[in-house]
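Shown below: entry27.cif, with mmCIF, C-alpha atoms.
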```cif
data_work
loop_
_atom_site.group_PDB
_atom_site.id
_atom_site.type_symbol
_atom_site.label_atom_id
_atom_site.label_comp_id
_atom_site.auth_asym_id
_atom_site.auth_seq_id
_atom_site.Cartn_x
_atom_site.Cartn_y
_atom_site.Cartn_z
ATOM 1 C CA MET B 1 123.671 136.766 46.960
ATOM 2 C CA GLU B 2 124.481 134.745 43.893
ATOM 3 C CA SER B 3 127.280 136.078 41.719
ATOM 4 C CA ILE B 4 126.681 136.966 38.082
ATOM 5 C CA HIS B 5 129.028 134.186 36.989
ATOM 6 C CA SER B 6 127.283 131.517 39.077
ATOM 7 C CA HIS B 7 123.855 132.706 37.822
ATOM 8 C CA ALA B 8 125.092 132.526 34.229
ATOM 9 C CA GLN B 9 126.570 129.079 34.858
ATOM 10 C CA SER B 10 123.376 127.884 36.557
ATOM 11 C CA SER B 11 121.320 129.144 33.591
ATOM 12 C CA HIS B 12 123.648 127.472 31.114
ATOM 13 C CA ASP B 13 123.624 124.224 33.110
ATOM 14 C CA TRP B 14 119.797 124.227 33.225
ATOM 15 C CA GLN B 15 119.547 124.901 29.498
ATOM 16 C CA GLU B 16 121.980 122.077 28.646
ATOM 17 C CA HIS B 17 120.278 119.692 31.099
ATOM 18 C CA THR B 18 116.829 120.521 29.713
ATOM 19 C CA LEU B 19 117.771 120.067 26.060
ATOM 20 C CA ALA B 20 119.632 116.810 26.837
ATOM 21 C CA THR B 21 116.669 115.485 28.861
ATOM 22 C CA LEU B 22 114.244 116.304 26.042
ATOM 23 C CA SER B 23 116.515 114.630 23.496
ATOM 24 C CA ALA B 24 116.970 111.528 25.671
ATOM 25 C CA ALA B 25 113.173 111.263 25.986
ATOM 26 C CA GLY B 26 112.879 111.178 22.200
ATOM 27 C CA HIS B 27 111.672 114.729 21.612
ATOM 28 C CA ARG B 28 112.915 116.254 18.386
ATOM 29 C CA LYS B 29 114.818 119.507 18.437
ATOM 30 C CA GLY B 30 112.596 122.398 17.505
ATOM 31 C CA GLY B 31 113.063 126.110 17.069
ATOM 32 C CA ALA B 32 110.019 126.977 19.195
ATOM 33 C CA ARG B 33 111.076 124.701 22.048
ATOM 34 C CA ASN B 34 114.643 125.969 21.931
ATOM 35 C CA ALA B 35 113.406 129.586 21.999
ATOM 36 C CA VAL B 36 111.253 128.968 25.096
ATOM 37 C CA VAL B 37 114.059 127.072 26.869
ATOM 38 C CA GLU B 38 116.577 129.791 26.038
ATOM 39 C CA LEU B 39 114.234 132.516 27.306
ATOM 40 C CA LEU B 40 113.507 130.672 30.567
ATOM 41 C CA ALA B 41 117.226 130.055 31.090
ATOM 42 C CA ASP B 42 117.791 133.814 31.153
ATOM 43 C CA GLN B 43 115.065 134.599 33.720
ATOM 44 C CA ASP B 44 115.593 135.187 37.420
ATOM 45 C CA CYS B 45 111.965 134.543 38.345
ATOM 46 C CA ALA B 46 108.728 133.084 37.069
ATOM 47 C CA LEU B 47 106.855 134.379 34.020
ATOM 48 C CA THR B 48 103.322 133.824 32.790
ATOM 49 C CA ALA B 49 102.815 132.113 29.437
ATOM 50 C CA GLN B 50 101.655 135.478 28.076
ATOM 51 C CA GLU B 51 104.852 137.174 29.277
ATOM 52 C CA ILE B 52 106.926 134.422 27.658
ATOM 53 C CA ASP B 53 105.000 134.857 24.402
ATOM 54 C CA ASP B 54 105.398 138.667 24.549
ATOM 55 C CA ARG B 55 109.142 138.501 25.239
ATOM 56 C CA LEU B 56 109.718 136.037 22.414
ATOM 57 C CA ARG B 57 107.884 138.362 20.028
ATOM 58 C CA GLU B 58 109.891 141.368 21.276
ATOM 59 C CA THR B 59 113.115 139.554 20.383
ATOM 60 C CA GLY B 60 111.816 138.586 16.947
ATOM 61 C CA ARG B 61 111.421 134.911 17.846
ATOM 62 C CA ALA B 62 107.691 134.688 17.309
ATOM 63 C CA VAL B 63 106.328 131.352 18.471
ATOM 64 C CA GLY B 64 102.647 130.513 18.221
ATOM 65 C CA ARG B 65 100.868 131.029 21.531
ATOM 66 C CA ALA B 66 99.481 127.469 21.430
ATOM 67 C CA SER B 67 103.049 126.197 20.966
ATOM 68 C CA VAL B 68 104.214 128.172 24.014
ATOM 69 C CA TYR B 69 101.490 126.535 26.135
ATOM 70 C CA ARG B 70 102.284 123.043 24.773
ATOM 71 C CA ILE B 71 105.999 123.506 25.410
ATOM 72 C CA LEU B 72 105.380 124.747 28.972
ATOM 73 C CA GLU B 73 103.075 121.795 29.620
ATOM 74 C CA LEU B 74 105.714 119.340 28.380
ATOM 75 C CA LEU B 75 108.505 120.999 30.392
ATOM 76 C CA THR B 76 106.302 120.964 33.500
ATOM 77 C CA GLU B 77 105.364 117.284 33.052
ATOM 78 C CA MET B 78 109.047 116.419 32.728
ATOM 79 C CA LYS B 79 109.826 118.456 35.885
ATOM 80 C CA LEU B 80 112.172 120.729 33.951
ATOM 81 C CA VAL B 81 109.979 123.747 34.665
ATOM 82 C CA GLN B 82 107.992 124.469 37.788
ATOM 83 C CA ARG B 83 104.439 125.778 37.439
ATOM 84 C CA ILE B 84 103.591 128.189 40.233
ATOM 85 C CA ASP B 85 99.970 129.080 40.851
ATOM 86 C CA VAL B 86 99.986 132.617 42.212
ATOM 87 C CA GLY B 87 96.212 132.898 42.598
ATOM 88 C CA GLN B 88 93.414 134.490 40.592
ATOM 89 C CA GLY B 89 93.811 131.740 37.979
ATOM 90 C CA ILE B 90 97.315 132.906 37.089
ATOM 91 C CA ALA B 91 100.148 130.427 36.613
ATOM 92 C CA ARG B 92 103.793 131.339 36.256
ATOM 93 C CA TYR B 93 106.642 129.179 35.039
ATOM 94 C CA GLU B 94 110.315 129.066 35.955
ATOM 95 C CA ARG B 95 113.313 126.789 35.683
ATOM 96 C CA HIS B 96 113.338 123.750 37.916
ATOM 97 C CA GLN B 97 116.991 123.484 38.861
ATOM 98 C CA PRO B 98 118.360 119.913 38.745
ATOM 99 C CA ASP B 99 120.250 120.553 42.003
ATOM 100 C CA GLY B 100 117.043 121.565 43.819
ATOM 101 C CA ASP B 101 118.105 125.193 44.272
ATOM 102 C CA HIS B 102 114.986 127.362 44.344
ATOM 103 C CA HIS B 103 113.268 130.411 45.744
ATOM 104 C CA HIS B 104 109.745 131.327 46.822
ATOM 105 C CA HIS B 105 107.435 134.171 45.880
ATOM 106 C CA LEU B 106 105.722 137.231 47.343
ATOM 107 C CA VAL B 107 102.617 138.247 45.359
ATOM 108 C CA CYS B 108 100.997 141.659 45.637
ATOM 109 C CA ASP B 109 97.256 141.094 45.298
ATOM 110 C CA ASN B 110 96.762 144.768 44.360
ATOM 111 C CA CYS B 111 99.203 145.358 41.491
ATOM 112 C CA GLY B 112 100.215 141.771 40.655
ATOM 113 C CA THR B 113 103.925 142.245 41.325
ATOM 114 C CA VAL B 114 105.737 138.968 41.999
ATOM 115 C CA GLU B 115 109.012 139.081 43.923
ATOM 116 C CA PRO B 116 111.304 136.119 44.601
ATOM 117 C CA PHE B 117 112.692 135.516 48.082
ATOM 118 C CA GLU B 118 114.901 132.993 49.830
ATOM 119 C CA ASP B 119 114.803 132.125 53.514
ATOM 120 C CA PRO B 120 117.066 129.430 54.995
ATOM 121 C CA SER B 121 114.976 129.408 58.208
ATOM 122 C CA LEU B 122 111.855 128.604 56.193
ATOM 123 C CA GLU B 123 113.676 125.734 54.479
ATOM 124 C CA GLN B 124 114.744 124.396 57.899
ATOM 125 C CA ALA B 125 111.153 124.661 59.176
ATOM 126 C CA ILE B 126 109.857 122.711 56.173
ATOM 127 C CA GLU B 127 112.496 120.025 56.792
ATOM 128 C CA GLN B 128 111.534 119.852 60.485
ATOM 129 C CA VAL B 129 107.840 119.465 59.624
ATOM 130 C CA SER B 130 108.775 116.750 57.137
ATOM 131 C CA GLN B 131 110.685 114.836 59.818
ATOM 132 C CA ARG B 132 108.095 115.385 62.557
ATOM 133 C CA LEU B 133 105.256 114.131 60.356
ATOM 134 C CA SER B 134 107.373 111.406 58.749
ATOM 135 C CA PHE B 135 106.505 112.743 55.307
ATOM 136 C CA ALA B 136 109.034 112.848 52.493
ATOM 137 C CA VAL B 137 108.691 116.263 50.852
ATOM 138 C CA ASP B 138 109.976 115.952 47.286
ATOM 139 C CA GLU B 139 109.413 119.577 46.355
ATOM 140 C CA HIS B 140 107.573 122.626 47.590
ATOM 141 C CA ASP B 141 106.809 126.207 46.756
ATOM 142 C CA VAL B 142 105.708 128.956 49.084
ATOM 143 C CA VAL B 143 103.611 131.821 47.711
ATOM 144 C CA LEU B 144 102.861 134.612 50.165
ATOM 145 C CA HIS B 145 100.044 137.011 49.259
ATOM 146 C CA GLY B 146 99.629 140.569 50.491
ATOM 147 C CA ALA B 147 100.399 144.143 49.500
ATOM 148 C CA CYS B 148 103.778 145.427 48.310
ATOM 149 C CA SER B 149 105.276 148.564 49.839
ATOM 150 C CA ASP B 150 104.122 150.729 46.906
ATOM 151 C CA CYS B 151 100.505 149.585 47.260
ATOM 152 C CA ARG B 152 100.548 149.946 51.048
ATOM 153 C CA GLU B 153 101.645 153.590 50.679
ATOM 154 C CA THR B 154 98.729 154.517 48.420
#
```
Mind converting the file's structure to structure tokens?
Amino acid sequence: MESIHSHAQSSHDWQEHTLATLSAAGHRKGGARNAVVELLADQDCALTAQEIDDRLRETGRAVGRASVYRILELLTEMKLVQRIDVGQGIARYERHQPDGDHHHHLVCDNCGTVEPFEDPSLEQAIEQVSQRLSFAVDEHDVVLHGACSDCRET
């Protein structure tokens, strides 16, 4: 389990890397972009654009919804944010760590809960498939659909 300090450092590193990458690509600094980057840096798992918009409003950093979508599109194109399609036309967004560190997702198709998970054996299996098929996997995401324990009990 990641320590609080290493999570905070990882978040800070991602935020600095993202802002530097945007600047180096010629993108001007902007309050809306900085607000979205700062919010994503503080998240442990993926959020929808609507959730990002709602959280920014809750903190008093209102950003136009269209701006949120444009910023997420730019960050995704630049591979600074990963877009995760969780089904039913829903996309979520989370930091794309420069060091490749990542997790996967469990999606409850009943209540919509999304839970992150890590599995070293799964990572090894993906690497083995890559080698066996002689295919260079640059990135991947695994989304498992089903029913969470709360929904299974009802």
Pick from B:Asp109, B:Glu139, B:Glu94, B:Glu127: nearest to Asp44 (chain B), with only C-alpha atoms counted?
-> B:Glu94
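Between CA of Leu72 (chain B) and CA of Ser130 (chain B) the separation is 29.5 Å.
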Residues in the PyMOL selection byres ((chain B and resi 74-86) around 9), expressed as an NGL selection string | :B and (14 or 17-18 or 21-22 or 37 or 40 or 46 or 69-73 or 87-98 or 105-107 or 114 or 141 or 143-145)
CA of Glu58 (chain B) and CA of Ser23 (chain B), how far apart in Å?
-> 27.6 Å
For CA of Cys111 (chain B) and CA of Cys45 (chain B), quote the distance in Å rounded to one decimal.
-> 17.0 Å
Determine the residue membership of the PyMOL selection byres ((chain B and resi 64) around 12) for the file above and supply it as a compact mmCIF listing (two decimals) with C-alpha atoms, in the frame of the given file.
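Written file, part.txt:
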```txt
# COMPACT_ATOMS: atom_id res chain seq x y z
CA GLY B 31 113.06 126.11 17.07
CA ALA B 32 110.02 126.98 19.20
CA ARG B 33 111.08 124.70 22.05
CA ALA B 35 113.41 129.59 22.00
CA VAL B 36 111.25 128.97 25.10
CA ALA B 49 102.82 132.11 29.44
CA GLN B 50 101.66 135.48 28.08
CA ILE B 52 106.93 134.42 27.66
CA ASP B 53 105.00 134.86 24.40
CA ASP B 54 105.40 138.67 24.55
CA LEU B 56 109.72 136.04 22.41
CA ARG B 57 107.88 138.36 20.03
CA ARG B 61 111.42 134.91 17.85
CA ALA B 62 107.69 134.69 17.31
CA VAL B 63 106.33 131.35 18.47
CA ARG B 65 100.87 131.03 21.53
CA ALA B 66 99.48 127.47 21.43
CA SER B 67 103.05 126.20 20.97
CA VAL B 68 104.21 128.17 24.01
CA TYR B 69 101.49 126.54 26.14
CA ARG B 70 102.28 123.04 24.77
CA ILE B 71 106.00 123.51 25.41
```
Which residues match the PyMOL selection byres ((chain B and resi 126) around 12) in the file above, as an mmCIF file with C-alpha atoms, in the frame of the given file?
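Printed below is result-v8.cif as written:
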```cif
data_model
loop_
_atom_site.group_PDB
_atom_site.id
_atom_site.type_symbol
_atom_site.label_atom_id
_atom_site.label_comp_id
_atom_site.auth_asym_id
_atom_site.auth_seq_id
_atom_site.Cartn_x
_atom_site.Cartn_y
_atom_site.Cartn_z
ATOM 1 C CA ASP B 119 114.803 132.125 53.514
ATOM 2 C CA PRO B 120 117.066 129.430 54.995
ATOM 3 C CA SER B 121 114.976 129.408 58.208
ATOM 4 C CA LEU B 122 111.855 128.604 56.193
ATOM 5 C CA GLU B 123 113.676 125.734 54.479
ATOM 6 C CA GLN B 124 114.744 124.396 57.899
ATOM 7 C CA ALA B 125 111.153 124.661 59.176
ATOM 8 C CA GLU B 127 112.496 120.025 56.792
ATOM 9 C CA GLN B 128 111.534 119.852 60.485
ATOM 10 C CA VAL B 129 107.840 119.465 59.624
ATOM 11 C CA SER B 130 108.775 116.750 57.137
ATOM 12 C CA GLN B 131 110.685 114.836 59.818
ATOM 13 C CA ARG B 132 108.095 115.385 62.557
ATOM 14 C CA LEU B 133 105.256 114.131 60.356
ATOM 15 C CA SER B 134 107.373 111.406 58.749
ATOM 16 C CA PHE B 135 106.505 112.743 55.307
ATOM 17 C CA ALA B 136 109.034 112.848 52.493
ATOM 18 C CA VAL B 137 108.691 116.263 50.852
ATOM 19 C CA ASP B 138 109.976 115.952 47.286
ATOM 20 C CA GLU B 139 109.413 119.577 46.355
ATOM 21 C CA HIS B 140 107.573 122.626 47.590
ATOM 22 C CA ASP B 141 106.809 126.207 46.756
ATOM 23 C CA VAL B 142 105.708 128.956 49.084
#
```
Show which residues sit within 7 Å of His103 (chain B), as a ChimeraX atom specification. Count all atoms listed in the file, and ignore same-chain residues fewer than 2 positions away.
-> /B:105,116-118
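Ranking B:Asn34, B:Glu153, B:Arg55, B:Thr48 by their shortest atom-to-atom distance to Gly112 (chain B), with only C-alpha atoms included, puts B:Thr48 first.
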